[in-house]
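J.: data20.txt is reproduced below (compact mmCIF, C-alpha atoms).
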# COMPACT_ATOMS: atom_id res chain seq x y z
CA MET A 1 35.77 -69.17 20.05
CA LEU A 2 32.97 -68.23 22.45
CA LYS A 3 31.84 -65.47 20.09
CA ILE A 4 31.62 -67.98 17.19
CA LYS A 5 29.59 -70.43 19.29
CA ARG A 6 27.13 -67.73 20.33
CA LYS A 7 26.67 -66.70 16.71
CA ILE A 8 25.94 -70.29 15.60
CA ASN A 9 23.55 -70.82 18.50
CA ALA A 10 21.58 -67.65 17.66
CA TYR A 11 19.34 -69.75 15.36
CA SER A 12 17.57 -73.03 16.12
CA LEU A 13 17.91 -75.95 13.69
CA ASN A 14 14.44 -75.21 12.28
CA GLU A 15 15.39 -71.57 11.73
CA ILE A 16 18.57 -72.57 9.91
CA PHE A 17 16.58 -74.84 7.55
CA TYR A 18 14.00 -72.06 7.05
CA LEU A 19 16.70 -69.50 6.18
CA ALA A 20 18.35 -71.95 3.77
CA TYR A 21 14.96 -72.49 2.07
CA CYS A 22 14.42 -68.72 1.86
CA LEU A 23 17.90 -68.16 0.43
CA VAL A 24 17.39 -70.71 -2.36
CA ARG A 25 13.96 -69.32 -3.19
CA THR A 26 15.30 -65.74 -3.08
CA LYS A 27 17.83 -66.53 -5.82
CA LEU A 28 15.04 -67.90 -8.02
CA ILE A 29 12.96 -64.72 -7.65
CA ALA A 30 15.71 -62.07 -7.57
CA SER A 31 19.27 -63.31 -7.91
CA ASN A 32 20.75 -59.97 -6.80
CA ALA A 33 18.73 -59.84 -3.55
CA ARG A 34 20.39 -60.78 -0.25
CA LEU A 35 17.51 -62.57 1.48
CA ILE A 36 13.72 -62.57 1.09
CA ARG A 37 11.87 -64.21 3.96
CA PHE A 38 8.70 -66.03 2.99
CA PRO A 39 5.76 -65.69 2.78
CA PHE A 40 6.40 -62.80 0.38
CA LYS A 41 4.01 -61.51 -2.28
CA ILE A 42 5.10 -59.59 -5.36
CA ARG A 43 2.61 -58.62 -8.09
CA GLY A 44 3.43 -56.87 -11.34
CA ARG A 45 7.03 -58.12 -11.22
CA ARG A 46 8.04 -56.65 -14.59
CA HIS A 47 7.15 -53.16 -13.27
CA ILE A 48 9.35 -53.58 -10.18
CA LYS A 49 13.13 -53.24 -9.84
CA LEU A 50 14.76 -54.69 -6.71
CA GLY A 51 18.26 -53.41 -5.97
CA ASP A 52 21.34 -55.40 -4.95
CA ASN A 53 21.33 -56.91 -1.43
CA PHE A 54 17.60 -56.36 -0.94
CA THR A 55 16.43 -57.94 2.34
CA THR A 56 12.93 -58.50 3.76
CA GLY A 57 11.22 -59.79 6.85
CA VAL A 58 8.20 -62.09 6.62
CA GLY A 59 4.81 -61.23 5.16
CA CYS A 60 5.91 -58.37 2.91
CA ARG A 61 3.87 -57.36 -0.13
CA ILE A 62 4.96 -55.30 -3.15
CA ASP A 63 2.26 -54.43 -5.72
CA ALA A 64 2.72 -52.64 -9.05
CA PHE A 65 -0.48 -52.00 -11.01
CA PRO A 66 0.42 -49.45 -13.72
CA LEU A 67 -2.39 -47.24 -15.01
CA SER A 68 -1.47 -48.27 -18.55
CA GLU A 69 0.38 -51.25 -20.01
CA GLU A 70 2.80 -48.87 -21.75
CA GLU A 71 4.26 -47.73 -18.44
CA GLY A 72 7.63 -49.09 -17.42
CA LEU A 73 8.83 -49.33 -13.83
CA CYS A 74 6.37 -48.36 -11.10
CA ILE A 75 8.55 -49.32 -8.12
CA THR A 76 12.32 -48.86 -7.99
CA ILE A 77 14.23 -49.99 -4.90
CA GLY A 78 17.92 -49.11 -4.53
CA LYS A 79 20.81 -51.16 -3.19
CA ASP A 80 21.25 -52.36 0.41
CA VAL A 81 17.61 -51.72 1.32
CA GLN A 82 16.21 -53.65 4.28
CA ILE A 83 12.48 -53.86 4.99
CA ASN A 84 11.19 -55.80 7.98
CA ASP A 85 7.98 -57.77 8.62
CA TYR A 86 4.64 -56.94 6.95
CA VAL A 87 5.73 -53.96 4.85
CA HIS A 88 3.30 -53.12 2.02
CA ILE A 89 4.41 -51.02 -0.97
CA ALA A 90 1.78 -50.26 -3.64
CA SER A 91 2.14 -48.22 -6.82
CA VAL A 92 0.21 -47.35 -9.97
CA SER A 93 2.80 -44.88 -11.24
CA SER A 94 6.00 -44.14 -9.32
CA VAL A 95 7.51 -45.16 -5.97
CA THR A 96 11.29 -44.67 -5.76
CA ILE A 97 13.30 -45.85 -2.77
CA GLY A 98 16.98 -44.93 -2.62
CA ASP A 99 20.05 -46.77 -1.36
CA HIS A 100 20.71 -47.87 2.23
CA VAL A 101 17.12 -47.35 3.37
CA LEU A 102 16.04 -49.16 6.54
CA MET A 103 12.37 -49.84 7.32
CA ALA A 104 10.88 -51.31 10.47
CA SER A 105 7.73 -53.48 10.36
CA LYS A 106 4.10 -52.82 9.36
CA ILE A 107 4.88 -49.87 7.06
CA TYR A 108 2.55 -48.78 4.25
CA ILE A 109 3.78 -46.82 1.21
CA SER A 110 1.44 -45.84 -1.64
CA ASP A 111 1.45 -43.37 -4.54
CA HIS A 112 -2.34 -43.41 -5.04
CA ASP A 113 -5.80 -43.02 -3.52
CA HIS A 114 -9.25 -44.16 -4.54
CA GLY A 115 -10.88 -40.86 -5.51
CA PHE A 116 -10.19 -37.10 -5.35
CA TYR A 117 -10.53 -35.14 -2.10
CA GLY A 118 -8.15 -32.17 -2.54
CA GLN A 119 -8.63 -28.44 -2.24
CA GLU A 120 -9.50 -27.84 -5.89
CA GLY A 121 -11.40 -29.47 -8.74
CA LYS A 122 -14.12 -32.07 -8.69
CA HIS A 123 -14.38 -34.20 -5.57
CA ASP A 124 -15.71 -37.73 -5.33
CA SER A 125 -19.11 -38.22 -3.77
CA PRO A 126 -19.47 -40.54 -0.76
CA MET A 127 -22.38 -42.07 -2.69
CA ILE A 128 -19.86 -43.71 -5.07
CA PRO A 129 -18.42 -46.98 -3.69
CA PRO A 130 -14.71 -46.41 -2.94
CA ASN A 131 -13.59 -49.18 -5.29
CA GLU A 132 -15.40 -47.51 -8.20
CA ARG A 133 -13.76 -44.10 -7.75
CA LYS A 134 -11.05 -43.11 -10.24
CA LEU A 135 -7.51 -43.44 -8.88
CA SER A 136 -5.59 -40.26 -8.10
CA ASN A 137 -1.80 -40.55 -7.94
CA SER A 138 1.40 -38.61 -7.29
CA PRO A 139 5.01 -39.89 -7.06
CA VAL A 140 6.61 -41.00 -3.81
CA ILE A 141 10.37 -40.52 -3.39
CA ILE A 142 12.40 -41.82 -0.46
CA GLU A 143 16.02 -40.72 -0.77
CA ASP A 144 19.20 -42.51 0.40
CA ASN A 145 19.99 -43.31 4.05
CA VAL A 146 16.41 -42.85 5.28
CA TRP A 147 15.25 -44.72 8.39
CA ILE A 148 11.50 -45.37 8.72
CA GLY A 149 10.09 -46.47 12.08
CA GLN A 150 7.43 -48.99 13.02
CA SER A 151 3.87 -48.69 11.62
CA VAL A 152 4.53 -45.59 9.48
CA SER A 153 2.25 -44.67 6.56
CA ILE A 154 3.72 -42.74 3.62
CA LEU A 155 1.08 -41.32 1.31
CA LYS A 156 1.06 -40.12 -2.30
CA GLY A 157 3.06 -37.09 -3.38
CA VAL A 158 5.57 -37.38 -0.52
CA LYS A 159 9.33 -36.87 -0.75
CA ILE A 160 11.52 -37.85 2.20
CA GLY A 161 14.95 -36.25 2.00
CA PHE A 162 18.40 -37.79 2.35
CA GLY A 163 19.30 -39.15 5.78
CA SER A 164 15.99 -38.37 7.43
CA ILE A 165 14.24 -40.38 10.15
CA ILE A 166 10.48 -40.95 10.42
CA GLY A 167 9.30 -41.81 13.93
CA SER A 168 7.07 -44.79 14.71
CA ASN A 169 3.32 -44.56 13.98
CA SER A 170 3.73 -41.36 11.93
CA VAL A 171 1.64 -40.57 8.85
CA VAL A 172 3.69 -38.70 6.23
CA THR A 173 1.51 -36.47 4.04
CA LYS A 174 4.01 -33.76 3.00
CA GLU A 175 7.66 -33.42 1.99
CA ILE A 176 10.24 -34.02 4.72
CA PRO A 177 13.52 -32.15 4.07
CA PRO A 178 16.93 -33.86 4.21
CA HIS A 179 18.69 -34.51 7.53
CA SER A 180 15.47 -34.23 9.55
CA ILE A 181 13.60 -36.20 12.20
CA ALA A 182 9.81 -36.11 11.71
CA VAL A 183 7.09 -37.55 13.94
CA GLY A 184 3.32 -37.44 14.39
CA ILE A 185 0.04 -37.46 12.49
CA PRO A 186 0.57 -35.70 10.17
CA ALA A 187 4.36 -35.99 10.45
CA LYS A 188 6.17 -32.76 11.32
CA VAL A 189 9.89 -32.03 11.58
CA VAL A 190 11.05 -31.89 15.21
CA LYS A 191 14.83 -32.01 14.74
CA THR A 192 17.43 -31.31 12.07
CA TYR A 193 21.08 -32.33 11.95
CA ASN A 194 23.69 -29.61 12.48
CA PHE A 195 26.86 -30.55 10.62
CA GLU A 196 29.00 -28.03 12.54
CA SER A 197 28.09 -29.27 16.02
CA LYS A 198 27.43 -32.84 14.80
CA GLN A 199 24.18 -32.93 16.78
CA TRP A 200 20.45 -33.22 16.13
CA ILE A 201 18.93 -29.86 17.05
CA ASN A 202 15.30 -29.20 18.06
CA VAL A 203 13.34 -26.95 15.72
So that I can check it, write out the structure of this file as structure tokens.
T.:
Amino acid sequence: MLKIKRKINAYSLNEIFYLAYCLVRTKLIASNARLIRFPFKIRGRRHIKLGDNFTTGVGCRIDAFPLSEEEGLCITIGKDVQINDYVHIASVSSVTIGDHVLMASKIYISDHDHGFYGQEGKHDSPMIPPNERKLSNSPVIIEDNVWIGQSVSILKGVKIGFGSIIGSNSVVTKEIPPHSIAVGIPAKVVKTYNFESKQWINV
């Protein structure tokens, strides 16, 4: 009985009304989602697929701006994905997030840049205003069971493998293999999971 009382008292009356409002509004936007907390901004809805039991914190933003109207889905989110406050996901081509992914707050995920700055080919001049530079893009893939820490940035062309963990404040610029823990700017693998010993081992 005490456990039940504590659970009920976890939310104030205002919070209960707010959650009820969010639940009703969630079902109008995405009937298969678990709970979207508002304010929540979604643009390019027909190019976005939200999986079953999708859950958000407040202030999240999901933007799909396909490079051509012929393109189908730009953002695909799997089932049982939870993103917390102020997560921003932006795509012009392809961002895929697998099942059972957990994200902390203030995370940025994008499959594109304004301009070209790579090792080869023509680069954009700093004399061109950034908003006038042609978009460069490359797919982002986040596989199942990934955990992404607070204030992480995941940039274009990145693949994060199954079951990996990205530490807080990291900037992911390259592929992270499965069963790894990666931290830093740029993010580097510091541990991998050993299935024989059932431990995370330093690399």
J.: Determine, for each residue of region 6-85 of chain A having at least one atom at most 12 Å from an atom of region 138-161 of chain A, the closest pair of atoms and their separation in Å to one decimal, counting all atoms listed in the file; order by chain and ascending number, as CSV.
T.:
residue,atom,partner,partner_atom,distance
A:Cys74,CA,A:Pro139,CA,9.5
A:Ile75,CA,A:Val140,CA,9.6
A:Thr76,CA,A:Ile141,CA,9.7
A:Ile77,CA,A:Ile142,CA,9.5
A:Gly78,CA,A:Asp144,CA,8.3
A:Lys79,CA,A:Asp144,CA,9.5
A:Asp80,CA,A:Asn145,CA,9.8
A:Val81,CA,A:Asn145,CA,9.2
A:Gln82,CA,A:Trp147,CA,9.9
A:Ile83,CA,A:Ile148,CA,9.3
A:Asn84,CA,A:Gln150,CA,9.3
A:Asp85,CA,A:Gln150,CA,9.8
J.: For a test of reading the model, state the distance in Å between CA of Asn131 (chain A) and CA of His114 (chain A), rounded to one decimal.
T.: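 Taking CA of Asn131 (chain A) and CA of His114 (chain A), their separation equals 6.7 Å.
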J.: Go through A:Leu73, A:Leu28, A:Leu102, A:Val190 and flag the residue nearest Phe54 (chain A), using only C-alpha atoms for the distances.
T.: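 Closest residue, counting only C-alpha atoms: A:Leu102.
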J.: Could you state the separation of CA of Ile16 (chain A) and CA of Pro39 (chain A) in Å, given to one decimal place?
T.: 16.2 Å
J.: Go ahead and compute the interatomic distance for CA of Pro186 (chain A) and CA of Ser170 (chain A), in Å to one decimal.
T.: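 According to the coordinates, CA of Pro186 (chain A) and CA of Ser170 (chain A) are separated by 6.7 Å.
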J.: Which one of A:Val101, A:Ala20, A:Ile48, A:Ile29 sits closest to Glu71 (chain A) if you count all atoms listed in the file?
T.: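 So, comparing all the options, the nearest one is A:Ile48.
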J.: I'd like the neighbourhood of Arg25 (chain A) as a list in words, where a residue qualifies if any of its atoms comes within 12 Å (using all atoms listed in the file), though same-chain residues fewer than 2 positions away should be ignored.
T.: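 The residues satisfying every condition are Tyr18, Leu19, Ala20, Tyr21, Cys22, Leu23, Lys27, Leu28, Ile29, Ala30, Ser31, Ala33, Arg34, Leu35, Ile36, Arg37, Phe38, Pro39 and Phe40 of chain A.
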J.: Check the smallest atom-to-atom distance from each of A:Gly163, A:Gly44, A:Gly51, A:Pro130 to Pro66 (chain A) using only C-alpha atoms, then report the winner.
T.: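 Nearest to Pro66 (chain A): A:Gly44.
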